[in-house]
Protein chains: 2
Amino acid sequence: MIDEIDQNILEALLQDSRVSLKELARRVGLSAPSVAERVRRLEERGVIRGFTIEIDPKALGYQLQAIVRVKPLPGMLHVVQKLIEDTAEFCECDKVTGDDCFVVRLHVRSIDQLDHILDRIADKAQTSTAIVKSQPIKRRPPGIGQRKETPGRVS
Amino acid sequence: MIDEIDQNILEALLQDSRVSLKELARRVGLSAPSVAERVRRLEERGVIRGFTIEIDPKALGYQLQAIVRVKPLPGMLHVVQKLIEDTAEFCECDKVTGDDCFVVRLHVRSIDQLDHILDRIADKAQTSTAIVKSQPIKRRPPGIGQRKETPGRVS
DNA sequence: ATGTTCTGGTCGATCTCGTCGATCATTTTT
DNA sequence: AAAAATGATCGACGAGATCGACCAGAACAT
């Protein structure tokens, strides 16, 4: 379904989504219209969810990053979720299995601000905060690129 | 340091990083060369870390997402970190404060594969796995856009 | 105050790039 | 084996990016 050329296209766009179609075509060894059509179809099929930029939070003054596990008190789930969604500093929120209900990522300017934000949900949920010290892997997509994939166990 | 026009540029590029400079210029009310210069400087200053695409892991066959807390056994920290970095399915890794050392995000094709991957670090670290059920917030940058920011407490 | 410099903008010309229609080759279907 | 569908190329034309020249306003020094 996704051939090698598509993979090359995806990799190139991951590195620089503003690359010209002409250059992209040169890299994957096709003509510009062909590669344009392939990109269009990757979008259409939902493989490419969007073209975007990566912004450095630090450059915007957000010096601190935290990962917080959030366990809403009984009956508070939706209230907590809404509060999280409506607070700009929550930049990622995953609803997960297990004892904790949410795992969220927070970008803040200071410890003070972190404390202040968490105070606001303190009476609605139990939280467990971990400050991010470094990011050995910043963010990468699964399964494309030269890293070899790990096969599933043959069951 | 970052004025309103820059914010508008960032927002527009977040939504579509392939927008033409002409269109971008029209939206923020400047000429094309001006906006080109602003984008160049946002890049130069490191505010824009890169132009990229968002890929849907599901479209590539990665049906499952998990968040795993990893606590390496004594002396195993670097081994564990290297193993994580070298495994394609680990798509995000944060080194954090607290009892757990790493918080990682995994994309896998099946529970089998998840089990297989975690088996490989089972003798080097304690892990605590949470399967992602949904993502109320998929990913957004902090502090730009119309969501109001939460101020830090005045101390 | 006033002249200077620096920053950040516009305009217009030129060159590059994207897109569209026509066409062709290859593979799949019947 | 003929036909249809897929996916590519080519060339032309319109749209976009870029570059140099030039201009306005703020900050600064004299």
# chains A, B, ... in the order shown; residues from 1 in each chain; ligands from 1
$ interface_residues --of "chain B" --to "chain A" --cutoff "7 Å" --atoms "only C-alpha atoms" --output "count of residues only"
54
$ closest_atom_pairs --of "chain A" --to "chain C" --cutoff "8 Å" --atoms "only C-alpha atoms (C1' of nucleotides)" --output "JSON lines"
{"residue": "A:Ser20", "atom": "CA", "partner": "C:DC17", "partner_atom": "C1'", "distance": 7.6}
{"residue": "A:Leu21", "atom": "CA", "partner": "C:DG18", "partner_atom": "C1'", "distance": 7.8}
{"residue": "A:Lys22", "atom": "CA", "partner": "C:DC17", "partner_atom": "C1'", "distance": 7.3}
{"residue": "A:Pro33", "atom": "CA", "partner": "C:DT19", "partner_atom": "C1'", "distance": 7.8}
$ write_last_selection --atoms "all heavy atoms" --output "mmCIF file, in the first residue's frame"
data_model
loop_
_atom_site.group_PDB
_atom_site.id
_atom_site.type_symbol
_atom_site.label_atom_id
_atom_site.label_comp_id
_atom_site.auth_asym_id
_atom_site.auth_seq_id
_atom_site.Cartn_x
_atom_site.Cartn_y
_atom_site.Cartn_z
ATOM 1 N N SER A 20 10.305 22.081 -2.264
ATOM 2 C CA SER A 20 9.521 22.237 -3.488
ATOM 3 C C SER A 20 9.248 20.870 -4.101
ATOM 4 O O SER A 20 9.996 19.917 -3.904
ATOM 5 C CB SER A 20 10.277 23.105 -4.499
ATOM 6 O OG SER A 20 11.351 22.398 -5.054
ATOM 7 N N LEU A 21 8.149 20.798 -4.832
ATOM 8 C CA LEU A 21 7.800 19.522 -5.470
ATOM 9 C C LEU A 21 8.883 19.115 -6.460
ATOM 10 O O LEU A 21 9.155 17.941 -6.640
ATOM 11 C CB LEU A 21 6.446 19.660 -6.178
ATOM 12 C CG LEU A 21 5.239 19.778 -5.244
ATOM 13 C CD1 LEU A 21 3.975 19.952 -6.054
ATOM 14 C CD2 LEU A 21 5.134 18.560 -4.351
ATOM 15 N N LYS A 22 9.465 20.090 -7.067
ATOM 16 C CA LYS A 22 10.526 19.806 -8.030
ATOM 17 C C LYS A 22 11.700 19.099 -7.341
ATOM 18 O O LYS A 22 12.168 18.055 -7.797
ATOM 19 C CB LYS A 22 11.006 21.121 -8.661
ATOM 20 C CG LYS A 22 11.899 20.920 -9.850
ATOM 21 C CD LYS A 22 12.334 22.256 -10.443
ATOM 22 C CE LYS A 22 13.190 22.012 -11.686
ATOM 23 N NZ LYS A 22 13.641 23.277 -12.296
ATOM 24 N N PRO A 33 4.973 16.424 -11.481
ATOM 25 C CA PRO A 33 3.540 16.121 -11.410
ATOM 26 C C PRO A 33 3.261 14.786 -10.728
ATOM 27 O O PRO A 33 2.289 14.666 -9.969
ATOM 28 C CB PRO A 33 3.124 16.077 -12.878
ATOM 29 C CG PRO A 33 4.108 16.932 -13.583
ATOM 30 C CD PRO A 33 5.394 16.726 -12.867
#
$ atom_distance --atom1 "CA of Arg69 (chain B)" --atom2 "CA of Thr127 (chain B)"
5.5 Å
$ interface_residues --of "chain D" --to "chain A" --cutoff "10 Å" --atoms "only C-alpha atoms (C1' of nucleotides)" --output "list in words"
DG7, DA8, DT9 and DC10 of chain D
$ select_by_dssp --residues "region 98-128 of chain B" --states "strand (DSSP E)" --output "number ranges by chain"
B: 102-108, 125-128
$ select_by_dssp --residues "region 7-106 of chain A" --states "helix (DSSP H, G or I)" --output "MDAnalysis selection string"
chainID A and resid 7:15 21:28 32:44 57:60 77:85
$ write_last_selection --atoms "N, CA and C atoms" --output "short mmCIF file (atom, residue, chain, number, x, y, z; two decimals), in the first residue's frame"
data_model
loop_
_atom_site.label_atom_id
_atom_site.label_comp_id
_atom_site.auth_asym_id
_atom_site.auth_seq_id
_atom_site.Cartn_x
_atom_site.Cartn_y
_atom_site.Cartn_z
N GLN A 7 7.56 6.18 0.99
CA GLN A 7 8.36 6.30 2.21
C GLN A 7 9.40 7.39 2.09
N ASN A 8 10.06 7.43 0.93
CA ASN A 8 11.05 8.48 0.72
C ASN A 8 10.41 9.86 0.74
N ILE A 9 9.23 9.93 0.15
CA ILE A 9 8.51 11.21 0.17
C ILE A 9 8.19 11.61 1.60
N LEU A 10 7.67 10.67 2.37
CA LEU A 10 7.32 10.96 3.76
C LEU A 10 8.54 11.41 4.56
N GLU A 11 9.64 10.71 4.36
CA GLU A 11 10.86 11.08 5.08
C GLU A 11 11.32 12.48 4.72
N ALA A 12 11.30 12.75 3.43
CA ALA A 12 11.73 14.08 2.98
C ALA A 12 10.84 15.16 3.55
N LEU A 13 9.53 14.92 3.55
CA LEU A 13 8.60 15.92 4.06
C LEU A 13 8.69 16.05 5.58
N LEU A 14 9.01 14.96 6.25
CA LEU A 14 9.20 15.04 7.70
C LEU A 14 10.35 15.98 8.02
N GLN A 15 11.38 15.89 7.22
CA GLN A 15 12.55 16.74 7.47
C GLN A 15 12.30 18.17 7.04
N LEU A 21 8.15 20.80 -4.83
CA LEU A 21 7.80 19.52 -5.47
C LEU A 21 8.88 19.11 -6.46
N LYS A 22 9.47 20.09 -7.07
CA LYS A 22 10.53 19.81 -8.03
C LYS A 22 11.70 19.10 -7.34
N GLU A 23 12.14 19.69 -6.23
CA GLU A 23 13.24 19.10 -5.47
C GLU A 23 12.86 17.71 -4.95
N LEU A 24 11.65 17.61 -4.45
CA LEU A 24 11.15 16.34 -3.95
C LEU A 24 11.18 15.29 -5.07
N ALA A 25 10.75 15.72 -6.23
CA ALA A 25 10.73 14.83 -7.39
C ALA A 25 12.15 14.37 -7.73
N ARG A 26 13.08 15.30 -7.69
CA ARG A 26 14.47 14.95 -7.98
C ARG A 26 14.97 13.89 -7.00
N ARG A 27 14.63 14.07 -5.72
CA ARG A 27 15.14 13.15 -4.71
C ARG A 27 14.59 11.75 -4.83
N VAL A 28 13.34 11.64 -5.21
CA VAL A 28 12.76 10.29 -5.29
C VAL A 28 12.81 9.74 -6.71
N ALA A 32 7.87 16.02 -11.36
CA ALA A 32 7.14 16.84 -10.41
C ALA A 32 5.65 16.53 -10.36
N PRO A 33 4.97 16.42 -11.48
CA PRO A 33 3.54 16.12 -11.41
C PRO A 33 3.26 14.79 -10.73
N SER A 34 4.09 13.81 -10.97
CA SER A 34 3.89 12.50 -10.33
C SER A 34 3.98 12.60 -8.83
N VAL A 35 5.01 13.28 -8.38
CA VAL A 35 5.21 13.36 -6.94
C VAL A 35 4.11 14.22 -6.31
N ALA A 36 3.63 15.19 -7.05
CA ALA A 36 2.53 16.02 -6.55
C ALA A 36 1.30 15.15 -6.33
N GLU A 37 1.05 14.28 -7.31
CA GLU A 37 -0.08 13.38 -7.23
C GLU A 37 0.06 12.42 -6.04
N ARG A 38 1.26 11.91 -5.83
CA ARG A 38 1.49 11.01 -4.71
C ARG A 38 1.25 11.72 -3.38
N VAL A 39 1.75 12.92 -3.26
CA VAL A 39 1.56 13.67 -2.02
C VAL A 39 0.06 13.90 -1.79
N ARG A 40 -0.61 14.27 -2.87
CA ARG A 40 -2.05 14.51 -2.76
C ARG A 40 -2.77 13.26 -2.25
N ARG A 41 -2.37 12.13 -2.75
CA ARG A 41 -3.04 10.89 -2.35
C ARG A 41 -2.68 10.46 -0.94
N LEU A 42 -1.45 10.73 -0.55
CA LEU A 42 -1.06 10.43 0.83
C LEU A 42 -1.91 11.25 1.80
N GLU A 43 -2.19 12.46 1.38
CA GLU A 43 -3.06 13.32 2.19
C GLU A 43 -4.47 12.76 2.21
N GLU A 44 -4.95 12.45 1.03
CA GLU A 44 -6.32 11.96 0.87
C GLU A 44 -6.57 10.70 1.70
N PRO A 57 9.15 25.47 22.44
CA PRO A 57 8.45 26.12 23.54
C PRO A 57 9.37 27.07 24.32
N LYS A 58 10.62 26.70 24.42
CA LYS A 58 11.57 27.55 25.15
C LYS A 58 11.70 28.93 24.51
N ALA A 59 11.65 28.95 23.19
CA ALA A 59 11.76 30.22 22.49
C ALA A 59 10.57 31.12 22.78
N LEU A 60 9.48 30.52 23.24
CA LEU A 60 8.30 31.30 23.58
C LEU A 60 8.23 31.56 25.09
N LEU A 77 -14.59 13.06 36.25
CA LEU A 77 -13.86 12.80 35.01
C LEU A 77 -14.07 13.86 33.93
N HIS A 78 -15.35 14.15 33.66
CA HIS A 78 -15.61 15.09 32.57
C HIS A 78 -15.22 16.51 32.93
N VAL A 79 -15.41 16.87 34.17
CA VAL A 79 -15.02 18.21 34.62
C VAL A 79 -13.51 18.38 34.45
N VAL A 80 -12.80 17.35 34.88
CA VAL A 80 -11.34 17.42 34.80
C VAL A 80 -10.89 17.49 33.33
N GLN A 81 -11.50 16.66 32.51
CA GLN A 81 -11.12 16.65 31.09
C GLN A 81 -11.36 18.01 30.45
N LYS A 82 -12.50 18.61 30.78
CA LYS A 82 -12.81 19.91 30.20
C LYS A 82 -11.81 20.97 30.67
N LEU A 83 -11.49 20.90 31.96
CA LEU A 83 -10.54 21.85 32.51
C LEU A 83 -9.19 21.74 31.81
N ILE A 84 -8.79 20.51 31.56
CA ILE A 84 -7.52 20.28 30.87
C ILE A 84 -7.57 20.85 29.46
N GLU A 85 -8.66 20.53 28.76
CA GLU A 85 -8.78 20.98 27.38
C GLU A 85 -8.80 22.49 27.27
#
$ atom_distance --atom1 "CA of Lys124 (chain A)" --atom2 "CA of Val70 (chain A)"
9.7 Å
$ atom_distance --atom1 "CA of Leu64 (chain A)" --atom2 "CA of Ala122 (chain A)"
19.7 Å
$ decode --residues "chain C" --atoms "N, CA and C atoms (P, O5', C5', C4', C3', O3' and C1' of nucleotides)" --output "CSV table (one decimal), in the first residue's frame"
chain,number,residue,atom,x,y,z
C,1,DA,P,13.7,70.8,21.3
C,1,DA,O5',14.9,71.0,20.3
C,1,DA,C5',14.5,71.3,19.0
C,1,DA,C4',15.8,71.5,18.2
C,1,DA,C3',15.7,70.8,16.8
C,1,DA,O3',16.5,71.6,15.9
C,1,DA,C1',17.4,69.8,18.1
C,2,DT,P,16.2,71.7,14.3
C,2,DT,O5',17.3,70.7,13.8
C,2,DT,C5',18.6,70.9,14.0
C,2,DT,C4',19.5,69.8,13.6
C,2,DT,C3',18.9,69.0,12.3
C,2,DT,O3',20.0,68.6,11.5
C,2,DT,C1',19.3,67.5,14.1
C,3,DG,P,19.9,68.6,10.0
C,3,DG,O5',21.1,67.5,9.6
C,3,DG,C5',22.3,67.7,10.2
C,3,DG,C4',22.9,66.3,10.6
C,3,DG,C3',22.8,65.3,9.4
C,3,DG,O3',24.1,64.6,9.4
C,3,DG,C1',21.8,64.4,11.4
C,4,DT,P,24.4,63.5,8.3
C,4,DT,O5',24.2,62.2,9.2
C,4,DT,C5',24.9,62.0,10.4
C,4,DT,C4',24.8,60.6,10.9
C,4,DT,C3',24.8,59.5,9.8
C,4,DT,O3',25.6,58.5,10.3
C,4,DT,C1',22.9,59.3,11.2
C,5,DT,P,26.1,57.3,9.3
C,5,DT,O5',25.4,56.1,10.0
C,5,DT,C5',25.4,56.0,11.5
C,5,DT,C4',24.4,55.0,11.9
C,5,DT,C3',24.2,53.8,11.1
C,5,DT,O3',24.1,52.7,11.9
C,5,DT,C1',22.1,54.7,11.4
C,6,DC,P,24.5,51.2,11.4
C,6,DC,O5',23.3,50.4,12.2
C,6,DC,C5',22.6,50.9,13.3
C,6,DC,C4',21.2,50.4,13.3
C,6,DC,C3',21.0,49.1,12.5
C,6,DC,O3',20.2,48.2,13.2
C,6,DC,C1',19.4,50.7,11.8
C,7,DT,P,20.0,46.7,12.8
C,7,DT,O5',18.4,46.5,13.0
C,7,DT,C5',17.7,47.4,13.9
C,7,DT,C4',16.3,47.5,13.4
C,7,DT,C3',15.8,46.3,12.7
C,7,DT,O3',14.5,45.9,13.2
C,7,DT,C1',15.4,48.2,11.3
C,8,DG,P,13.8,44.5,12.9
C,8,DG,O5',12.7,44.9,11.9
C,8,DG,C5',11.8,46.0,12.2
C,8,DG,C4',11.0,46.3,10.9
C,8,DG,C3',10.6,45.1,10.1
C,8,DG,O3',9.3,45.3,9.6
C,8,DG,C1',11.7,46.6,8.8
C,9,DG,P,8.6,44.0,8.9
C,9,DG,O5',7.9,44.7,7.6
C,9,DG,C5',7.0,45.8,7.7
C,9,DG,C4',7.2,46.7,6.6
C,9,DG,C3',6.9,46.2,5.2
C,9,DG,O3',5.5,46.3,4.9
C,9,DG,C1',8.8,47.7,5.2
C,10,DT,P,5.0,45.5,3.6
C,10,DT,O5',5.3,46.5,2.4
C,10,DT,C5',4.9,47.9,2.5
C,10,DT,C4',5.2,48.6,1.2
C,10,DT,C3',4.7,47.9,-0.1
C,10,DT,O3',4.0,48.8,-0.9
C,10,DT,C1',7.1,48.2,-0.2
C,11,DC,P,3.2,48.3,-2.2
C,11,DC,O5',4.2,48.4,-3.4
C,11,DC,C5',5.0,49.6,-3.5
C,11,DC,C4',6.0,49.5,-4.7
C,11,DC,C3',5.4,48.7,-5.9
C,11,DC,O3',5.6,49.4,-7.1
C,11,DC,C1',7.5,47.8,-5.2
C,12,DG,P,4.8,49.0,-8.4
C,12,DG,O5',6.0,48.4,-9.3
C,12,DG,C5',7.3,49.0,-9.3
C,12,DG,C4',8.3,48.1,-10.0
C,12,DG,C3',7.7,47.3,-11.2
C,12,DG,O3',8.7,47.3,-12.2
C,12,DG,C1',8.7,45.9,-9.6
C,13,DA,P,8.5,46.6,-13.6
C,13,DA,O5',9.7,45.6,-13.6
C,13,DA,C5',11.0,46.0,-13.4
C,13,DA,C4',12.0,44.9,-13.4
C,13,DA,C3',11.9,43.9,-14.5
C,13,DA,O3',13.2,43.4,-14.9
C,13,DA,C1',11.5,42.7,-12.5
C,14,DT,P,13.4,42.5,-16.2
C,14,DT,O5',13.8,41.1,-15.6
C,14,DT,C5',14.8,41.1,-14.5
C,14,DT,C4',14.8,39.7,-13.9
C,14,DT,C3',14.6,38.5,-14.9
C,14,DT,O3',15.6,37.5,-14.5
C,14,DT,C1',13.1,38.3,-13.2
C,15,DC,P,16.1,36.5,-15.6
C,15,DC,O5',16.5,35.2,-14.7
C,15,DC,C5',16.6,35.4,-13.2
C,15,DC,C4',15.8,34.3,-12.6
C,15,DC,C3',15.7,33.0,-13.3
C,15,DC,O3',16.1,32.0,-12.5
C,15,DC,C1',13.6,33.7,-12.6
C,16,DT,P,16.1,30.4,-12.9
C,16,DT,O5',15.1,29.8,-11.9
C,16,DT,C5',15.1,30.2,-10.5
C,16,DT,C4',13.9,29.7,-9.8
C,16,DT,C3',13.6,28.2,-10.1
C,16,DT,O3',13.4,27.6,-8.8
C,16,DT,C1',11.7,29.5,-10.6
C,17,DC,P,13.1,26.0,-8.7
C,17,DC,O5',11.6,26.0,-8.5
C,17,DC,C5',10.9,26.9,-7.7
C,17,DC,C4',9.4,26.7,-7.7
C,17,DC,C3',9.0,25.2,-7.8
C,17,DC,O3',8.1,24.9,-6.8
C,17,DC,C1',8.0,26.5,-9.5
C,18,DG,P,7.3,23.5,-6.7
C,18,DG,O5',5.9,23.8,-7.3
C,18,DG,C5',5.1,24.8,-6.7
C,18,DG,C4',3.7,24.9,-7.4
C,18,DG,C3',3.0,23.6,-7.5
C,18,DG,O3',1.6,23.9,-7.2
C,18,DG,C1',3.4,24.3,-9.7
C,19,DT,P,0.5,22.7,-7.2
C,19,DT,O5',-0.1,22.8,-8.7
C,19,DT,C5',-0.5,24.1,-9.2
C,19,DT,C4',-1.2,24.0,-10.5
C,19,DT,C3',-2.0,22.7,-10.7
C,19,DT,O3',-3.2,23.1,-11.4
C,19,DT,C1',-0.4,22.8,-12.4
C,20,DC,P,-4.5,22.1,-11.4
C,20,DC,O5',-4.9,22.1,-13.0
C,20,DC,C5',-4.6,23.2,-13.8
C,20,DC,C4',-4.5,22.8,-15.2
C,20,DC,C3',-5.3,21.5,-15.5
C,20,DC,O3',-6.1,21.7,-16.7
C,20,DC,C1',-3.0,21.3,-16.2
C,21,DG,P,-7.2,20.5,-17.0
C,21,DG,O5',-6.8,20.2,-18.5
C,21,DG,C5',-6.3,21.2,-19.4
C,21,DG,C4',-5.6,20.6,-20.6
C,21,DG,C3',-6.2,19.4,-21.1
C,21,DG,O3',-6.2,19.4,-22.6
C,21,DG,C1',-4.0,18.9,-20.5
C,22,DA,P,-6.8,18.2,-23.4
C,22,DA,O5',-5.5,17.5,-24.0
C,22,DA,C5',-4.5,18.3,-24.6
C,22,DA,C4',-3.3,17.4,-25.0
C,22,DA,C3',-3.8,16.0,-25.6
C,22,DA,O3',-3.0,15.8,-26.8
C,22,DA,C1',-2.3,15.7,-23.7
C,23,DT,P,-3.2,14.4,-27.7
C,23,DT,O5',-2.1,13.4,-27.1
C,23,DT,C5',-0.7,13.9,-27.0
C,23,DT,C4',0.1,12.9,-26.2
C,23,DT,C3',-0.1,11.5,-26.7
C,23,DT,O3',1.1,11.0,-27.2
C,23,DT,C1',0.0,11.6,-24.4
C,24,DC,P,1.1,9.5,-28.0
C,24,DC,O5',1.9,8.6,-26.9
C,24,DC,C5',3.1,9.1,-26.3
C,24,DC,C4',3.5,8.2,-25.2
C,24,DC,C3',3.4,6.7,-25.5
C,24,DC,O3',4.6,6.0,-25.2
C,24,DC,C1',2.3,7.1,-23.5
C,25,DA,P,4.9,4.5,-25.8
C,25,DA,O5',5.1,3.7,-24.4
C,25,DA,C5',5.9,4.2,-23.4
C,25,DA,C4',5.7,3.4,-22.1
C,25,DA,C3',5.6,1.9,-22.3
C,25,DA,O3',6.4,1.3,-21.3
C,25,DA,C1',3.7,2.7,-21.2
C,26,DT,P,6.7,-0.2,-21.3
C,26,DT,O5',5.9,-0.8,-20.0
C,26,DT,C5',5.8,0.1,-18.8
C,26,DT,C4',4.8,-0.5,-17.9
C,26,DT,C3',4.7,-2.0,-17.9
C,26,DT,O3',4.6,-2.5,-16.6
C,26,DT,C1',2.6,-1.0,-18.2
C,27,DT,P,4.8,-4.1,-16.2
C,27,DT,O5',3.5,-4.3,-15.4
C,27,DT,C5',3.0,-3.3,-14.5
C,27,DT,C4',1.5,-3.5,-14.3
C,27,DT,C3',1.1,-5.0,-14.1
C,27,DT,O3',0.2,-5.0,-13.0
C,27,DT,C1',-0.3,-4.0,-15.8
C,28,DT,P,-0.2,-6.4,-12.3
C,28,DT,O5',-1.8,-6.4,-12.4
C,28,DT,C5',-2.5,-5.1,-12.2
C,28,DT,C4',-3.9,-5.2,-12.7
C,28,DT,C3',-4.6,-6.6,-12.5
C,28,DT,O3',-5.9,-6.4,-11.9
C,28,DT,C1',-4.7,-6.0,-14.8
C,29,DT,P,-6.9,-7.5,-11.5
C,29,DT,O5',-8.0,-7.4,-12.6
C,29,DT,C5',-8.3,-6.1,-13.2
C,29,DT,C4',-9.4,-6.3,-14.3
C,29,DT,C3',-10.3,-7.5,-14.2
C,29,DT,O3',-11.6,-7.1,-14.5
C,29,DT,C1',-9.1,-7.5,-16.3
C,30,DT,P,-12.9,-8.1,-14.2
C,30,DT,O5',-13.4,-8.4,-15.7
C,30,DT,C5',-13.4,-7.4,-16.7
C,30,DT,C4',-13.5,-8.1,-18.0
C,30,DT,C3',-14.4,-9.3,-18.0
C,30,DT,O3',-15.3,-9.4,-19.1
C,30,DT,C1',-12.3,-9.8,-19.1
